[in-house]
$ cat model.cif   # mmCIF, C-alpha atoms
data_data
loop_
_atom_site.group_PDB
_atom_site.id
_atom_site.type_symbol
_atom_site.label_atom_id
_atom_site.label_comp_id
_atom_site.auth_asym_id
_atom_site.auth_seq_id
_atom_site.Cartn_x
_atom_site.Cartn_y
_atom_site.Cartn_z
ATOM 1 C CA MET A 23 122.966 31.878 104.065
ATOM 2 C CA ALA A 24 125.129 32.739 107.040
ATOM 3 C CA THR A 25 125.071 36.355 108.068
ATOM 4 C CA ASN A 26 127.549 38.616 109.853
ATOM 5 C CA THR A 27 130.239 35.922 109.908
ATOM 6 C CA ILE A 28 133.355 37.659 108.614
ATOM 7 C CA ASP A 29 137.046 37.844 109.389
ATOM 8 C CA VAL A 30 136.820 41.473 110.521
ATOM 9 C CA PRO A 31 134.423 42.016 113.440
ATOM 10 C CA LEU A 32 131.677 44.459 112.607
ATOM 11 C CA PRO A 33 132.055 47.674 114.621
ATOM 12 C CA THR A 34 129.059 48.175 116.898
ATOM 13 C CA PRO A 35 127.972 50.915 116.586
ATOM 14 C CA PRO A 36 127.084 51.540 113.841
ATOM 15 C CA PHE A 37 126.384 47.908 112.890
ATOM 16 C CA ILE A 38 123.600 45.987 114.595
ATOM 17 C CA ILE A 39 124.127 42.235 114.453
ATOM 18 C CA THR A 40 120.851 40.759 113.245
ATOM 19 C CA PRO A 41 120.246 37.107 112.300
ATOM 20 C CA GLY A 42 119.108 36.819 108.696
ATOM 21 C CA LEU A 43 119.839 40.448 107.812
ATOM 22 C CA ASP A 44 123.120 41.692 106.382
ATOM 23 C CA ASN A 45 124.517 45.205 106.424
ATOM 24 C CA LEU A 46 122.164 46.624 109.071
ATOM 25 C CA ARG A 47 123.530 49.763 110.654
ATOM 26 C CA ASP A 48 122.520 53.047 112.234
ATOM 27 C CA VAL A 49 123.310 56.074 110.073
ATOM 28 C CA GLY A 50 123.436 58.306 113.165
ATOM 29 C CA GLY A 51 126.285 59.153 115.501
ATOM 30 C CA TYR A 52 128.551 61.107 113.143
ATOM 31 C CA SER A 53 129.592 64.608 114.180
ATOM 32 C CA LEU A 54 129.078 67.641 111.964
ATOM 33 C CA ALA A 55 132.060 69.111 110.132
ATOM 34 C CA ALA A 56 131.400 72.729 111.171
ATOM 35 C CA GLU A 57 129.945 71.927 114.612
ATOM 36 C CA PRO A 58 131.823 68.982 116.150
ATOM 37 C CA ASP A 59 129.761 69.283 119.325
ATOM 38 C CA LYS A 60 126.714 68.197 117.318
ATOM 39 C CA ALA A 61 125.959 64.899 115.618
ATOM 40 C CA ILE A 62 123.309 63.009 113.667
ATOM 41 C CA ARG A 63 120.617 61.640 115.968
ATOM 42 C CA ARG A 64 121.008 57.931 116.621
ATOM 43 C CA GLY A 65 118.206 55.418 116.401
ATOM 44 C CA VAL A 66 116.235 57.153 113.644
ATOM 45 C CA LEU A 67 117.656 56.240 110.220
ATOM 46 C CA PHE A 68 118.760 52.651 109.684
ATOM 47 C CA ARG A 69 119.967 51.015 106.470
ATOM 48 C CA SER A 70 120.351 47.395 105.399
ATOM 49 C CA ALA A 71 120.223 44.812 102.640
ATOM 50 C CA ASP A 72 116.892 43.219 101.721
ATOM 51 C CA LEU A 73 114.840 41.373 104.326
ATOM 52 C CA THR A 74 114.243 38.203 102.321
ATOM 53 C CA GLN A 75 116.178 35.975 104.751
ATOM 54 C CA LEU A 76 114.777 37.578 107.903
ATOM 55 C CA GLY A 77 113.359 35.173 110.481
ATOM 56 C CA ASP A 78 111.840 35.448 113.944
ATOM 57 C CA LYS A 79 115.169 36.174 115.667
ATOM 58 C CA GLY A 80 115.937 38.983 113.257
ATOM 59 C CA VAL A 81 112.452 40.427 113.588
ATOM 60 C CA ALA A 82 112.933 40.483 117.361
ATOM 61 C CA VAL A 83 116.056 42.635 116.945
ATOM 62 C CA LEU A 84 114.295 45.043 114.581
ATOM 63 C CA HIS A 85 111.307 45.230 116.892
ATOM 64 C CA GLN A 86 113.612 46.408 119.681
ATOM 65 C CA LEU A 87 114.759 49.256 117.436
ATOM 66 C CA SER A 88 111.139 50.542 117.337
ATOM 67 C CA ILE A 89 111.232 50.821 113.540
ATOM 68 C CA SER A 90 107.842 52.096 112.373
ATOM 69 C CA HIS A 91 108.358 52.152 108.588
ATOM 70 C CA VAL A 92 110.447 50.136 106.137
ATOM 71 C CA PHE A 93 111.133 51.942 102.850
ATOM 72 C CA ASP A 94 111.839 49.482 100.035
ATOM 73 C CA LEU A 95 113.760 50.992 97.095
ATOM 74 C CA ARG A 96 113.732 47.815 94.967
ATOM 75 C CA SER A 97 111.980 47.550 91.613
ATOM 76 C CA VAL A 98 109.051 45.348 90.681
ATOM 77 C CA ALA A 99 111.479 43.252 88.631
ATOM 78 C CA GLU A 100 113.602 42.556 91.710
ATOM 79 C CA LEU A 101 110.557 41.598 93.747
ATOM 80 C CA LYS A 102 109.457 39.196 91.037
ATOM 81 C CA ARG A 103 112.905 37.605 91.007
ATOM 82 C CA ASP A 104 112.378 36.964 94.712
ATOM 83 C CA GLY A 105 109.048 35.346 93.865
ATOM 84 C CA SER A 106 107.028 38.248 95.181
ATOM 85 C CA SER A 107 105.305 41.439 94.056
ATOM 86 C CA PRO A 108 104.740 44.933 95.442
ATOM 87 C CA GLU A 109 101.363 43.873 96.785
ATOM 88 C CA TYR A 110 102.564 40.713 98.480
ATOM 89 C CA ALA A 111 106.091 41.566 99.611
ATOM 90 C CA GLN A 112 104.882 42.100 103.129
ATOM 91 C CA LEU A 113 106.971 42.334 106.275
ATOM 92 C CA PRO A 114 107.160 39.329 108.604
ATOM 93 C CA ALA A 115 104.019 38.845 110.672
ATOM 94 C CA GLY A 116 104.096 40.134 114.219
ATOM 95 C CA TRP A 117 106.546 42.948 113.584
ATOM 96 C CA GLY A 118 104.071 45.822 113.358
ATOM 97 C CA ALA A 119 106.115 48.065 111.054
ATOM 98 C CA GLN A 120 104.637 49.491 107.847
ATOM 99 C CA ARG A 121 106.262 48.649 104.512
ATOM 100 C CA VAL A 122 106.421 51.530 102.011
ATOM 101 C CA PHE A 123 107.221 50.565 98.425
ATOM 102 C CA VAL A 124 109.230 53.401 96.839
ATOM 103 C CA PRO A 125 111.108 51.981 93.820
ATOM 104 C CA VAL A 126 113.892 54.083 92.377
ATOM 105 C CA PHE A 127 113.757 52.408 88.961
ATOM 106 C CA ARG A 128 110.803 51.464 86.806
ATOM 107 C CA ASP A 129 110.579 48.044 85.177
ATOM 108 C CA GLU A 130 112.239 49.074 81.957
ATOM 109 C CA ASP A 131 115.351 50.127 83.853
ATOM 110 C CA TYR A 132 115.923 46.477 84.691
ATOM 111 C CA SER A 133 115.825 45.074 81.190
ATOM 112 C CA PRO A 134 118.819 42.854 80.294
ATOM 113 C CA GLU A 135 120.231 45.679 78.166
ATOM 114 C CA ALA A 136 119.959 48.246 80.961
ATOM 115 C CA LEU A 137 121.454 45.807 83.455
ATOM 116 C CA ALA A 138 124.395 45.148 81.149
ATOM 117 C CA VAL A 139 125.136 48.869 80.886
ATOM 118 C CA ARG A 140 124.798 49.313 84.637
ATOM 119 C CA PHE A 141 127.067 46.368 85.354
ATOM 120 C CA ARG A 142 129.773 47.789 83.117
ATOM 121 C CA ASN A 143 129.404 51.176 84.791
ATOM 122 C CA TYR A 144 129.759 49.762 88.281
ATOM 123 C CA SER A 145 132.846 47.757 87.392
ATOM 124 C CA ASP A 146 134.639 50.619 85.677
ATOM 125 C CA GLY A 147 136.297 52.308 88.666
ATOM 126 C CA ALA A 148 135.208 55.460 90.489
ATOM 127 C CA GLN A 149 133.983 57.261 87.358
ATOM 128 C CA GLY A 150 131.967 54.211 86.406
ATOM 129 C CA PHE A 151 130.240 54.377 89.773
ATOM 130 C CA VAL A 152 129.620 58.076 89.253
ATOM 131 C CA ARG A 153 127.800 57.307 86.006
ATOM 132 C CA ALA A 154 125.796 54.559 87.671
ATOM 133 C CA TYR A 155 124.950 56.718 90.685
ATOM 134 C CA ALA A 156 123.998 59.585 88.395
ATOM 135 C CA SER A 157 121.339 57.278 86.957
ATOM 136 C CA ILE A 158 120.056 56.594 90.480
ATOM 137 C CA LEU A 159 119.829 60.316 91.200
ATOM 138 C CA ALA A 160 118.048 60.974 87.917
ATOM 139 C CA ALA A 161 115.554 58.121 88.369
ATOM 140 C CA ALA A 162 114.747 59.088 91.966
ATOM 141 C CA ALA A 163 114.054 62.687 90.910
ATOM 142 C CA ASP A 164 112.179 61.870 87.684
ATOM 143 C CA SER A 165 108.816 63.664 87.753
ATOM 144 C CA THR A 166 107.187 60.587 86.180
ATOM 145 C CA ASN A 167 108.300 58.386 89.080
ATOM 146 C CA ALA A 168 105.094 58.346 91.112
ATOM 147 C CA SER A 169 106.807 56.885 94.186
ATOM 148 C CA ALA A 170 109.131 59.936 94.504
ATOM 149 C CA PRO A 171 111.391 57.754 96.670
ATOM 150 C CA PHE A 172 113.909 60.230 98.076
ATOM 151 C CA ARG A 173 111.294 62.943 98.653
ATOM 152 C CA THR A 174 108.943 60.492 100.347
ATOM 153 C CA ILE A 175 111.572 59.315 102.823
ATOM 154 C CA ILE A 176 112.915 62.796 103.537
ATOM 155 C CA GLU A 177 109.391 64.071 104.194
ATOM 156 C CA HIS A 178 108.844 61.243 106.682
ATOM 157 C CA LEU A 179 112.062 62.131 108.504
ATOM 158 C CA ALA A 180 110.964 65.775 108.587
ATOM 159 C CA ALA A 181 107.299 65.185 109.430
ATOM 160 C CA SER A 182 107.546 65.270 113.194
ATOM 161 C CA PRO A 183 108.302 68.563 114.911
ATOM 162 C CA ALA A 184 110.462 66.692 117.403
ATOM 163 C CA ALA A 185 111.979 63.263 116.739
ATOM 164 C CA PRO A 186 110.698 61.247 113.767
ATOM 165 C CA THR A 187 109.839 57.596 114.236
ATOM 166 C CA PRO A 188 112.729 55.228 113.399
ATOM 167 C CA ILE A 189 112.819 53.933 109.833
ATOM 168 C CA LEU A 190 114.727 51.339 107.824
ATOM 169 C CA VAL A 191 115.743 52.038 104.224
ATOM 170 C CA HIS A 192 116.899 49.191 101.994
ATOM 171 C CA CYS A 193 117.287 48.023 98.416
ATOM 172 C CA THR A 194 118.691 44.610 97.490
ATOM 173 C CA ALA A 195 122.192 44.819 98.941
ATOM 174 C CA GLY A 196 121.743 48.089 100.821
ATOM 175 C CA LYS A 197 124.732 49.408 98.901
ATOM 176 C CA ASP A 198 123.990 51.670 95.947
ATOM 177 C CA ARG A 199 120.481 53.159 95.976
ATOM 178 C CA THR A 200 120.446 53.038 99.771
ATOM 179 C CA GLY A 201 123.988 54.397 99.910
ATOM 180 C CA VAL A 202 123.189 57.331 97.640
ATOM 181 C CA PHE A 203 120.106 58.237 99.679
ATOM 182 C CA CYS A 204 121.937 58.091 103.020
ATOM 183 C CA ALA A 205 124.763 60.182 101.586
ATOM 184 C CA LEU A 206 122.268 62.884 100.591
ATOM 185 C CA VAL A 207 120.743 62.999 104.071
ATOM 186 C CA LEU A 208 124.136 63.195 105.772
ATOM 187 C CA ALA A 209 125.303 65.911 103.393
ATOM 188 C CA LEU A 210 122.145 67.955 103.993
ATOM 189 C CA CYS A 211 122.891 67.790 107.711
ATOM 190 C CA GLY A 212 126.469 69.029 107.388
ATOM 191 C CA ILE A 213 128.493 65.821 107.550
ATOM 192 C CA SER A 214 131.786 66.118 105.658
ATOM 193 C CA ASP A 215 132.356 64.282 102.391
ATOM 194 C CA GLU A 216 135.155 62.278 103.981
ATOM 195 C CA VAL A 217 132.881 60.980 106.743
ATOM 196 C CA ILE A 218 130.056 60.277 104.281
ATOM 197 C CA ALA A 219 132.480 58.298 102.108
ATOM 198 C CA HIS A 220 133.597 56.344 105.169
ATOM 199 C CA GLU A 221 130.016 55.516 106.134
ATOM 200 C CA TYR A 222 129.422 54.313 102.580
ATOM 201 C CA SER A 223 132.573 52.172 102.639
ATOM 202 C CA LEU A 224 131.340 50.234 105.681
ATOM 203 C CA THR A 225 129.136 48.291 103.283
ATOM 204 C CA ASP A 226 132.271 46.326 102.338
ATOM 205 C CA LEU A 227 132.128 44.907 105.871
ATOM 206 C CA GLY A 228 128.367 44.595 106.037
ATOM 207 C CA LEU A 229 128.098 42.640 102.780
ATOM 208 C CA ALA A 230 131.139 40.426 103.343
ATOM 209 C CA PRO A 231 129.014 37.345 104.187
ATOM 210 C CA ARG A 232 127.218 37.471 100.847
ATOM 211 C CA LYS A 233 129.971 38.913 98.654
ATOM 212 C CA GLU A 234 130.924 35.599 97.035
ATOM 213 C CA ALA A 235 127.302 34.780 96.246
ATOM 214 C CA ILE A 236 126.854 38.194 94.615
ATOM 215 C CA VAL A 237 130.069 37.810 92.596
ATOM 216 C CA GLN A 238 129.033 34.365 91.383
ATOM 217 C CA HIS A 239 125.627 35.714 90.340
ATOM 218 C CA LEU A 240 127.238 38.554 88.388
ATOM 219 C CA ILE A 241 129.821 36.511 86.538
ATOM 220 C CA ALA A 242 127.104 34.056 85.528
ATOM 221 C CA ASP A 243 125.207 36.897 83.832
ATOM 222 C CA LYS A 244 125.920 37.616 80.188
ATOM 223 C CA ALA A 245 126.640 41.253 81.047
ATOM 224 C CA LEU A 246 130.016 40.349 82.560
ATOM 225 C CA PHE A 247 130.725 37.158 80.622
ATOM 226 C CA GLY A 248 132.498 35.469 83.527
ATOM 227 C CA ASP A 249 134.765 38.452 84.257
ATOM 228 C CA ARG A 250 135.413 37.925 87.978
ATOM 229 C CA PRO A 251 137.736 40.951 88.547
ATOM 230 C CA ARG A 252 135.093 43.292 87.131
ATOM 231 C CA ALA A 253 132.392 41.621 89.222
ATOM 232 C CA GLU A 254 134.491 42.039 92.374
ATOM 233 C CA ARG A 255 135.029 45.730 91.626
ATOM 234 C CA MET A 256 131.299 46.149 91.168
ATOM 235 C CA VAL A 257 130.575 44.720 94.617
ATOM 236 C CA GLN A 258 133.032 47.057 96.347
ATOM 237 C CA SER A 259 132.074 50.265 98.147
ATOM 238 C CA ARG A 260 135.289 52.220 97.810
ATOM 239 C CA LYS A 261 135.441 55.659 99.412
ATOM 240 C CA GLU A 262 136.539 57.261 96.165
ATOM 241 C CA ASN A 263 133.272 56.167 94.541
ATOM 242 C CA MET A 264 131.230 58.269 96.932
ATOM 243 C CA LEU A 265 133.688 61.181 97.009
ATOM 244 C CA ALA A 266 133.515 61.388 93.220
ATOM 245 C CA THR A 267 129.719 61.089 93.296
ATOM 246 C CA LEU A 268 129.348 63.970 95.755
ATOM 247 C CA GLY A 269 131.606 66.037 93.509
ATOM 248 C CA MET A 270 129.406 65.169 90.537
ATOM 249 C CA VAL A 271 126.260 66.218 92.415
ATOM 250 C CA ARG A 272 127.701 69.657 93.112
ATOM 251 C CA GLU A 273 128.979 70.077 89.571
ATOM 252 C CA LYS A 274 125.725 68.975 87.936
ATOM 253 C CA TYR A 275 123.123 70.308 90.380
ATOM 254 C CA GLY A 276 124.977 73.107 92.199
ATOM 255 C CA SER A 277 124.714 71.489 95.628
ATOM 256 C CA VAL A 278 123.151 68.532 97.387
ATOM 257 C CA GLU A 279 120.392 70.824 98.652
ATOM 258 C CA SER A 280 119.706 72.121 95.145
ATOM 259 C CA TYR A 281 119.312 68.553 93.889
ATOM 260 C CA VAL A 282 116.889 67.717 96.697
ATOM 261 C CA VAL A 283 114.881 70.955 96.435
ATOM 262 C CA ASP A 284 114.914 71.687 92.704
ATOM 263 C CA HIS A 285 114.845 68.148 91.336
ATOM 264 C CA CYS A 286 113.297 65.944 94.048
ATOM 265 C CA ARG A 287 110.820 68.754 94.797
ATOM 266 C CA VAL A 288 111.406 68.812 98.545
ATOM 267 C CA SER A 289 110.574 72.189 100.068
ATOM 268 C CA ARG A 290 113.312 74.173 101.778
ATOM 269 C CA ASP A 291 111.167 74.238 104.915
ATOM 270 C CA THR A 292 111.202 70.426 104.867
ATOM 271 C CA VAL A 293 114.991 70.411 104.530
ATOM 272 C CA GLU A 294 115.278 72.739 107.513
ATOM 273 C CA GLN A 295 112.920 70.557 109.544
ATOM 274 C CA LEU A 296 114.959 67.508 108.579
ATOM 275 C CA ARG A 297 118.022 69.193 110.045
ATOM 276 C CA ARG A 298 116.185 70.161 113.212
ATOM 277 C CA ASN A 299 114.983 66.567 113.615
ATOM 278 C CA LEU A 300 118.278 64.839 112.924
ATOM 279 C CA ILE A 301 120.932 67.164 114.343
ATOM 280 C CA VAL A 302 121.396 66.937 118.110
ATOM 281 C CA ASN A 303 123.918 68.041 120.690
ATOM 282 C CA ILE A 304 126.381 65.320 121.585
ATOM 283 C CA ASP A 305 125.451 63.842 124.930
ATOM 284 C CA ALA A 306 128.185 63.858 127.574
ATOM 285 C CA ASN A 307 127.471 60.171 128.127
ATOM 286 C CA GLU A 308 127.557 59.209 124.434
ATOM 287 C CA SER A 309 130.404 60.379 122.231
ATOM 288 C CA ALA A 310 130.315 60.623 118.451
ATOM 289 C CA ILE A 311 131.444 57.647 116.410
ATOM 290 C CA ASP A 312 135.223 57.458 116.044
ATOM 291 C CA TRP A 313 135.040 56.958 112.298
ATOM 292 C CA GLN A 314 138.786 57.354 111.793
ATOM 293 C CA ALA A 315 139.468 54.342 113.990
ATOM 294 C CA GLN A 316 136.807 52.327 112.167
ATOM 295 C CA ALA A 317 138.195 53.387 108.781
ATOM 296 C CA LYS A 318 141.233 51.190 109.390
ATOM 297 C CA LEU A 319 138.950 48.164 109.159
ATOM 298 C CA VAL A 320 138.113 48.873 105.524
ATOM 299 C CA GLU A 321 141.435 50.160 104.256
#

$ encode --input "model.cif" --output "structure tokens"
Amino acid sequence: MATNTIDVPLPTPPFIITPGLDNLRDVGGYSLAAEPDKAIRRGVLFRSADLTQLGDKGVAVLHQLSISHVFDLRSVAELKRDGSSPEYAQLPAGWGAQRVFVPVFRDEDYSPEALAVRFRNYSDGAQGFVRAYASILAAAADSTNASAPFRTIIEHLAASPAAPTPILVHCTAGKDRTGVFCALVLALCGISDEVIAHEYSLTDLGLAPRKEAIVQHLIADKALFGDRPRAERMVQSRKENMLATLGMVREKYGSVESYVVDHCRVSRDTVEQLRRNLIVNIDANESAIDWQAQAKLVE
């Protein structure tokens, strides 16, 4: 599968062109809404699609990013579809990073019936995405989910009293579960909803090389019964999907912080340390990302 070959050049930053790995980008570089002289630290939180096509050249790029941990949000069912398992889905040899398996959904969430419901939700416009993303939030915060995925990753980012080691977070496409998690982190750090929605929408560019393959897979499934327009809507990362989701979080949980603290069971001290670790003064030699200019690429 060819990667990063699209009609619209990927903006770098935040994208990092990596052979065999789609949708890899740095979540840092965005300035805070209330403090425009501050921004999210670069080179700490990366996001991408799955690493199943990653070869030596791609590993070399990731090695240069000094990534210490790779947090895998996929389910056991997804790993088995790739011919692997939690125990054997190891990272490529010679990389040196640690893989951390933190599935958002349990096996039963990926039954054909559950998939059919989720597919219809995703392809039903912004409110359909809200329903689907609400299920991600609920599953990640479920007290019976031993992996505690969102809490585990946030605690890693907050563990160091200075700068945490760089990490990569991914699911299958790096779009939905990964997108929801990154949105939470950015919101906790004071990034505006509009900027968060823009960062989410960049996945339309990052997944462009594999979009047709994903659409074909979806329309072949009985959940969509060959409905290509619905499949195409499901693959999209429209800004309004994330804007509506952030609104839902505040309506249902009170605030993003309340969801993280009260439901994911992250301590408020950890949230404050996360902010101290990720929020930095903008360097005179490195300006914040001009997201408004980049937004024209996905309009």

$ resolve_selection --input "model.cif" --expression "the PyMOL selection byres ((chain A and resi 174) around 12)" --output "ChimeraX atom specification"
/A:91-95,122-126,162-163,167-173,175-181,191,203,282,286-289,292

$ resolve_selection --input "model.cif" --expression "the PyMOL selection byres ((chain A and resi 37) around 8)" --output "ChimeraX atom specification"
/A:32-36,38-39,45-48,228

$ atom_distance --input "model.cif" --atom1 "atom CA of A:Trp313" --atom2 "atom CA of A:Lys274"
28.7 Å

$ closest_residue --input "model.cif" --among "A:Ala242, A:Cys204, A:Val237, A:Ala185" --to "A:Glu254" --atoms "only C-alpha atoms"
A:Val237

$ resolve_selection --input "model.cif" --expression "the PyMOL selection byres ((chain A and resi 52-64) around 7)" --output "MDAnalysis selection string"
chainID A and resid 48 50:51 65:66 212:214 300:304 310:311

$ build_atoms --input "model.cif" --residues "stretch 211-228 of chain A" --atoms "N, CA, C and O atoms" --output "PDB file, in the frame of the given file"
ATOM      1  N   CYS A 211     122.745  67.483 106.277  1.00  0.00           N
ATOM      2  CA  CYS A 211     122.891  67.790 107.711  1.00  0.00           C
ATOM      3  C   CYS A 211     124.283  68.280 108.079  1.00  0.00           C
ATOM      4  O   CYS A 211     124.559  68.515 109.266  1.00  0.00           O
ATOM      5  N   GLY A 212     125.170  68.433 107.102  1.00  0.00           N
ATOM      6  CA  GLY A 212     126.469  69.029 107.388  1.00  0.00           C
ATOM      7  C   GLY A 212     127.580  68.066 107.714  1.00  0.00           C
ATOM      8  O   GLY A 212     128.610  68.471 108.276  1.00  0.00           O
ATOM      9  N   ILE A 213     127.415  66.783 107.362  1.00  0.00           N
ATOM     10  CA  ILE A 213     128.493  65.821 107.550  1.00  0.00           C
ATOM     11  C   ILE A 213     129.482  65.974 106.398  1.00  0.00           C
ATOM     12  O   ILE A 213     129.090  66.147 105.242  1.00  0.00           O
ATOM     13  N   SER A 214     130.773  65.907 106.685  1.00  0.00           N
ATOM     14  CA  SER A 214     131.786  66.118 105.658  1.00  0.00           C
ATOM     15  C   SER A 214     131.784  64.989 104.637  1.00  0.00           C
ATOM     16  O   SER A 214     131.371  63.859 104.920  1.00  0.00           O
ATOM     17  N   ASP A 215     132.271  65.296 103.440  1.00  0.00           N
ATOM     18  CA  ASP A 215     132.356  64.282 102.391  1.00  0.00           C
ATOM     19  C   ASP A 215     133.194  63.091 102.838  1.00  0.00           C
ATOM     20  O   ASP A 215     132.877  61.942 102.514  1.00  0.00           O
ATOM     21  N   GLU A 216     134.259  63.355 103.552  1.00  0.00           N
ATOM     22  CA  GLU A 216     135.155  62.278 103.981  1.00  0.00           C
ATOM     23  C   GLU A 216     134.433  61.299 104.903  1.00  0.00           C
ATOM     24  O   GLU A 216     134.580  60.083 104.781  1.00  0.00           O
ATOM     25  N   VAL A 217     133.626  61.846 105.819  1.00  0.00           N
ATOM     26  CA  VAL A 217     132.881  60.980 106.743  1.00  0.00           C
ATOM     27  C   VAL A 217     131.773  60.239 105.988  1.00  0.00           C
ATOM     28  O   VAL A 217     131.521  59.057 106.235  1.00  0.00           O
ATOM     29  N   ILE A 218     131.103  60.920 105.077  1.00  0.00           N
ATOM     30  CA  ILE A 218     130.056  60.277 104.281  1.00  0.00           C
ATOM     31  C   ILE A 218     130.651  59.120 103.475  1.00  0.00           C
ATOM     32  O   ILE A 218     130.067  58.031 103.403  1.00  0.00           O
ATOM     33  N   ALA A 219     131.822  59.347 102.886  1.00  0.00           N
ATOM     34  CA  ALA A 219     132.480  58.298 102.108  1.00  0.00           C
ATOM     35  C   ALA A 219     132.877  57.130 103.002  1.00  0.00           C
ATOM     36  O   ALA A 219     132.807  55.964 102.588  1.00  0.00           O
ATOM     37  N   HIS A 220     133.289  57.428 104.230  1.00  0.00           N
ATOM     38  CA  HIS A 220     133.597  56.344 105.169  1.00  0.00           C
ATOM     39  C   HIS A 220     132.347  55.538 105.495  1.00  0.00           C
ATOM     40  O   HIS A 220     132.376  54.300 105.465  1.00  0.00           O
ATOM     41  N   GLU A 221     131.248  56.234 105.799  1.00  0.00           N
ATOM     42  CA  GLU A 221     130.016  55.516 106.134  1.00  0.00           C
ATOM     43  C   GLU A 221     129.601  54.615 104.984  1.00  0.00           C
ATOM     44  O   GLU A 221     129.182  53.458 105.196  1.00  0.00           O
ATOM     45  N   TYR A 222     129.724  55.105 103.772  1.00  0.00           N
ATOM     46  CA  TYR A 222     129.422  54.313 102.580  1.00  0.00           C
ATOM     47  C   TYR A 222     130.325  53.086 102.490  1.00  0.00           C
ATOM     48  O   TYR A 222     129.868  51.976 102.186  1.00  0.00           O
ATOM     49  N   SER A 223     131.605  53.264 102.782  1.00  0.00           N
ATOM     50  CA  SER A 223     132.573  52.172 102.639  1.00  0.00           C
ATOM     51  C   SER A 223     132.341  51.034 103.625  1.00  0.00           C
ATOM     52  O   SER A 223     132.801  49.913 103.400  1.00  0.00           O
ATOM     53  N   LEU A 224     131.621  51.291 104.705  1.00  0.00           N
ATOM     54  CA  LEU A 224     131.340  50.234 105.681  1.00  0.00           C
ATOM     55  C   LEU A 224     130.525  49.089 105.077  1.00  0.00           C
ATOM     56  O   LEU A 224     130.497  47.984 105.629  1.00  0.00           O
ATOM     57  N   THR A 225     129.887  49.354 103.938  1.00  0.00           N
ATOM     58  CA  THR A 225     129.136  48.291 103.283  1.00  0.00           C
ATOM     59  C   THR A 225     130.050  47.139 102.871  1.00  0.00           C
ATOM     60  O   THR A 225     129.614  45.993 102.788  1.00  0.00           O
ATOM     61  N   ASP A 226     131.336  47.412 102.632  1.00  0.00           N
ATOM     62  CA  ASP A 226     132.271  46.326 102.338  1.00  0.00           C
ATOM     63  C   ASP A 226     132.316  45.319 103.482  1.00  0.00           C
ATOM     64  O   ASP A 226     132.468  44.115 103.258  1.00  0.00           O
ATOM     65  N   LEU A 227     132.188  45.807 104.718  1.00  0.00           N
ATOM     66  CA  LEU A 227     132.128  44.907 105.871  1.00  0.00           C
ATOM     67  C   LEU A 227     130.756  44.272 105.994  1.00  0.00           C
ATOM     68  O   LEU A 227     130.623  43.069 106.224  1.00  0.00           O
ATOM     69  N   GLY A 228     129.722  45.086 105.832  1.00  0.00           N
ATOM     70  CA  GLY A 228     128.367  44.595 106.037  1.00  0.00           C
ATOM     71  C   GLY A 228     127.936  43.539 105.038  1.00  0.00           C
ATOM     72  O   GLY A 228     127.125  42.664 105.363  1.00  0.00           O
TER      73      GLY A 228
END
